[in-house]
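Chemist: Quick one: this structure, given as structure tokens, is what I'll be asking you about.
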Amino acid sequence: MNTSDYRPNVCVVVQHPETGKLLLCHRCGFLPSEGWQFPQGGINENFPLEQEMRRELKEEAGTDEVDIVAVSYGEYFYDFPPHVYRKRGGFKGQRQKWVLVRLRDEKFVNVNTKKPEFDSYEWVSPKIALMRAVEFKQSIYHQALTELNVL
């Protein structure tokens, strides 16, 4: 596998400070039953992972007020479906580091950011997050959540 075919990315699993439920966000422009995912985004590998994770989380969920609980040991790879591939600058898919964080206070979450990627969010159990994730990401979600001891 040629890793340069895969866009470097971080996926952030945000736990609620009291309930332990997970922050699942709904992408703008999708049907209410589709487009659910954890905050994630492309990273610059010249910067520390924690810095890039906090930047992405701030851009997408309006906060970086989190404490790191765990980081995936390796990277997870997934391929884009053909209709997504054309929109992603020629990358075949993504390679992700996963970071489990605990939010310091629920009031910090705000998906109404400068350039909103999400239009809503919910706090859900890990099993609900798996069920709602887009099909081509479900296997990665299961593997990473298991590694991070969330499932």
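Convention: chains lettered A, B, ... in structure tokens order; per-chain residue numbering from 1; ligands numbered from 1 as shown.
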Can you pull out the residues contacting segment 127-138 of chain A? Cut-off 7 Å, using only C-alpha atoms, and skip same-chain residues under 2 positions away; I want them as a ChimeraX atom specification.
Modeler: /A:24,35-37,124-125,140-142
Chemist: Generate a file of the selected residues that holds C-alpha atoms, formatted as a PDB file, in the first residue's frame.
Modeler:
```pdb
ATOM      1  CA  LEU A  24     -21.677  12.690  17.001  1.00  0.00           C
ATOM      2  CA  GLY A  35     -24.073  12.344   7.333  1.00  0.00           C
ATOM      3  CA  TRP A  36     -23.286  11.531  10.981  1.00  0.00           C
ATOM      4  CA  GLN A  37     -19.655  11.322  12.059  1.00  0.00           C
ATOM      5  CA  VAL A 124     -24.873   9.102  21.772  1.00  0.00           C
ATOM      6  CA  SER A 125     -23.687   5.714  22.976  1.00  0.00           C
ATOM      7  CA  ILE A 140     -12.801   1.720  10.981  1.00  0.00           C
ATOM      8  CA  TYR A 141     -15.097   3.175  13.650  1.00  0.00           C
ATOM      9  CA  HIS A 142     -15.486  -0.277  15.196  1.00  0.00           C
TER      10      HIS A 142
END
```
Chemist: Show me, as a PyMOL selection string, the residues that have an atom within 12 Å of Arg55 of chain A when counting only C-alpha atoms, minus same-chain residues fewer than 6 positions from it.
Modeler: chain A and resi 10-12+39-44+47-49+61-66
Chemist: What are the DSSP strand (DSSP E) residues of chain A, as an MDAnalysis selection string?
Modeler: chainID A and resid 6:15 22:27 36:37 40:42 66:71 76:79 93:103 118:124
Chemist: Could you list, as a PyMOL selection string, every residue within 6 Å of Leu23 of chain A, counting only C-alpha atoms and ignoring same-chain residues fewer than 2 positions away?
Modeler: chain A and resi 14+122-123
Chemist: List every residue of chain A that DSSP, applied to the backbone, labels as helix (DSSP H, G or I), and write the result as a ChimeraX atom specification.
Modeler: /A:3-5,49-61,82-85,106-108,126-132,135-147
Chemist: Applying 12 Å and only C-alpha atoms, which residues near Pro8 of chain A remain after dropping the ones on its own chain fewer than 5 positions away? List them as number ranges by chain.
Modeler: A: 3, 40-47, 49, 52-53, 75-78, 91-98
Chemist: Selected residues, N, CA, C and O atoms, written as a JSON list (two decimals), in the first residue's frame, please.
Modeler:
```
[["chain", "number", "residue", "atom", "x", "y", "z"],
["A", 3, "THR", "N", 1.17, 4.74, 1.14],
["A", 3, "THR", "CA", 0.50, 5.62, 2.10],
["A", 3, "THR", "C", 0.31, 7.04, 1.57],
["A", 3, "THR", "O", -0.56, 7.77, 2.06],
["A", 40, "GLN", "N", -13.47, 15.27, 12.45],
["A", 40, "GLN", "CA", -12.24, 14.77, 11.85],
["A", 40, "GLN", "C", -11.78, 15.74, 10.79],
["A", 40, "GLN", "O", -12.55, 16.57, 10.32],
["A", 41, "GLY", "N", -10.52, 15.64, 10.42],
["A", 41, "GLY", "CA", -10.05, 16.50, 9.35],
["A", 41, "GLY", "C", -8.60, 16.27, 9.00],
["A", 41, "GLY", "O", -7.86, 15.60, 9.73],
["A", 42, "GLY", "N", -8.22, 16.84, 7.88],
["A", 42, "GLY", "CA", -6.86, 16.72, 7.40],
["A", 42, "GLY", "C", -5.88, 17.41, 8.32],
["A", 42, "GLY", "O", -6.21, 18.41, 8.96],
["A", 43, "ILE", "N", -4.69, 16.85, 8.40],
["A", 43, "ILE", "CA", -3.66, 17.40, 9.27],
["A", 43, "ILE", "C", -2.39, 17.67, 8.49],
["A", 43, "ILE", "O", -2.13, 17.06, 7.46],
["A", 44, "ASN", "N", -1.59, 18.58, 9.02],
["A", 44, "ASN", "CA", -0.25, 18.85, 8.52],
["A", 44, "ASN", "C", 0.70, 18.04, 9.39],
["A", 44, "ASN", "O", 0.81, 18.29, 10.59],
["A", 45, "GLU", "N", 1.35, 17.07, 8.80],
["A", 45, "GLU", "CA", 2.21, 16.17, 9.58],
["A", 45, "GLU", "C", 3.49, 16.82, 10.08],
["A", 45, "GLU", "O", 4.24, 16.22, 10.83],
["A", 46, "ASN", "N", 3.73, 18.07, 9.70],
["A", 46, "ASN", "CA", 4.88, 18.80, 10.22],
["A", 46, "ASN", "C", 4.62, 19.39, 11.61],
["A", 46, "ASN", "O", 5.52, 19.95, 12.22],
["A", 47, "PHE", "N", 3.37, 19.29, 12.06],
["A", 47, "PHE", "CA", 2.99, 19.81, 13.37],
["A", 47, "PHE", "C", 2.62, 18.66, 14.29],
["A", 47, "PHE", "O", 2.20, 17.60, 13.82],
["A", 49, "LEU", "N", 0.62, 16.09, 16.56],
["A", 49, "LEU", "CA", -0.74, 15.58, 16.43],
["A", 49, "LEU", "C", -1.70, 16.30, 17.37],
["A", 49, "LEU", "O", -2.81, 16.66, 16.97],
["A", 52, "GLU", "N", -2.72, 19.64, 15.93],
["A", 52, "GLU", "CA", -3.60, 19.49, 14.78],
["A", 52, "GLU", "C", -4.99, 19.01, 15.21],
["A", 52, "GLU", "O", -6.00, 19.45, 14.67],
["A", 53, "MET", "N", -5.04, 18.11, 16.19],
["A", 53, "MET", "CA", -6.32, 17.63, 16.71],
["A", 53, "MET", "C", -7.11, 18.78, 17.31],
["A", 53, "MET", "O", -8.30, 18.94, 17.05],
["A", 75, "GLU", "N", -2.26, 3.79, 12.60],
["A", 75, "GLU", "CA", -3.17, 4.55, 11.76],
["A", 75, "GLU", "C", -4.23, 3.61, 11.19],
["A", 75, "GLU", "O", -3.98, 2.43, 11.00],
["A", 76, "TYR", "N", -5.38, 4.17, 10.93],
["A", 76, "TYR", "CA", -6.47, 3.43, 10.30],
["A", 76, "TYR", "C", -6.66, 3.99, 8.90],
["A", 76, "TYR", "O", -6.64, 5.20, 8.70],
["A", 77, "PHE", "N", -6.84, 3.09, 7.94],
["A", 77, "PHE", "CA", -6.98, 3.48, 6.54],
["A", 77, "PHE", "C", -8.38, 3.12, 6.05],
["A", 77, "PHE", "O", -8.90, 2.07, 6.39],
["A", 78, "TYR", "N", -8.95, 4.01, 5.25],
["A", 78, "TYR", "CA", -10.16, 3.64, 4.53],
["A", 78, "TYR", "C", -10.15, 4.31, 3.17],
["A", 78, "TYR", "O", -9.56, 5.37, 2.98],
["A", 91, "PHE", "N", -6.87, 11.87, -3.70],
["A", 91, "PHE", "CA", -6.54, 10.89, -2.66],
["A", 91, "PHE", "C", -7.47, 9.69, -2.78],
["A", 91, "PHE", "O", -8.67, 9.83, -3.00],
["A", 92, "LYS", "N", -6.90, 8.51, -2.59],
["A", 92, "LYS", "CA", -7.67, 7.27, -2.65],
["A", 92, "LYS", "C", -8.55, 7.12, -1.41],
["A", 92, "LYS", "O", -9.60, 6.50, -1.45],
["A", 93, "GLY", "N", -8.10, 7.69, -0.32],
["A", 93, "GLY", "CA", -8.83, 7.57, 0.94],
["A", 93, "GLY", "C", -8.13, 8.37, 2.02],
["A", 93, "GLY", "O", -7.39, 9.31, 1.72],
["A", 94, "GLN", "N", -8.33, 7.96, 3.26],
["A", 94, "GLN", "CA", -7.72, 8.66, 4.38],
["A", 94, "GLN", "C", -6.98, 7.68, 5.28],
["A", 94, "GLN", "O", -7.35, 6.53, 5.38],
["A", 95, "ARG", "N", -5.94, 8.20, 5.91],
["A", 95, "ARG", "CA", -5.25, 7.46, 6.97],
["A", 95, "ARG", "C", -5.36, 8.30, 8.22],
["A", 95, "ARG", "O", -5.03, 9.48, 8.22],
["A", 96, "GLN", "N", -5.91, 7.68, 9.25],
["A", 96, "GLN", "CA", -6.29, 8.44, 10.43],
["A", 96, "GLN", "C", -5.59, 7.97, 11.69],
["A", 96, "GLN", "O", -5.47, 6.77, 11.93],
["A", 97, "LYS", "N", -5.21, 8.94, 12.48],
["A", 97, "LYS", "CA", -4.90, 8.71, 13.89],
["A", 97, "LYS", "C", -6.20, 9.05, 14.62],
["A", 97, "LYS", "O", -6.89, 10.00, 14.26],
["A", 98, "TRP", "N", -6.51, 8.28, 15.63],
["A", 98, "TRP", "CA", -7.72, 8.52, 16.42],
["A", 98, "TRP", "C", -7.31, 9.00, 17.80],
["A", 98, "TRP", "O", -6.38, 8.45, 18.40]]
```
Chemist: Which of these, A:Asp67, A:Thr19, A:Glu50, A:Phe38, has the shortest distance to Arg102 of chain A once you count only C-alpha atoms?
Modeler: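 Once distances to Arg102 of chain A are computed over only C-alpha atoms, the minimum belongs to A:Asp67.
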Chemist: Using only C-alpha atoms, pick whichever of A:Glu18, A:Glu34, A:Asp5, A:Glu56 has the shortest atom-to-atom distance to Leu103 of chain A.
Modeler: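 So, comparing all the options, the nearest one is A:Glu18.
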Chemist: Nearest to Gly90 of chain A: which of A:Tyr6, A:Val13, A:Glu147, A:Asp119 is it, counting only C-alpha atoms?
Modeler: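 Among the listed residues, the smallest separation from Gly90 of chain A belongs to A:Tyr6.
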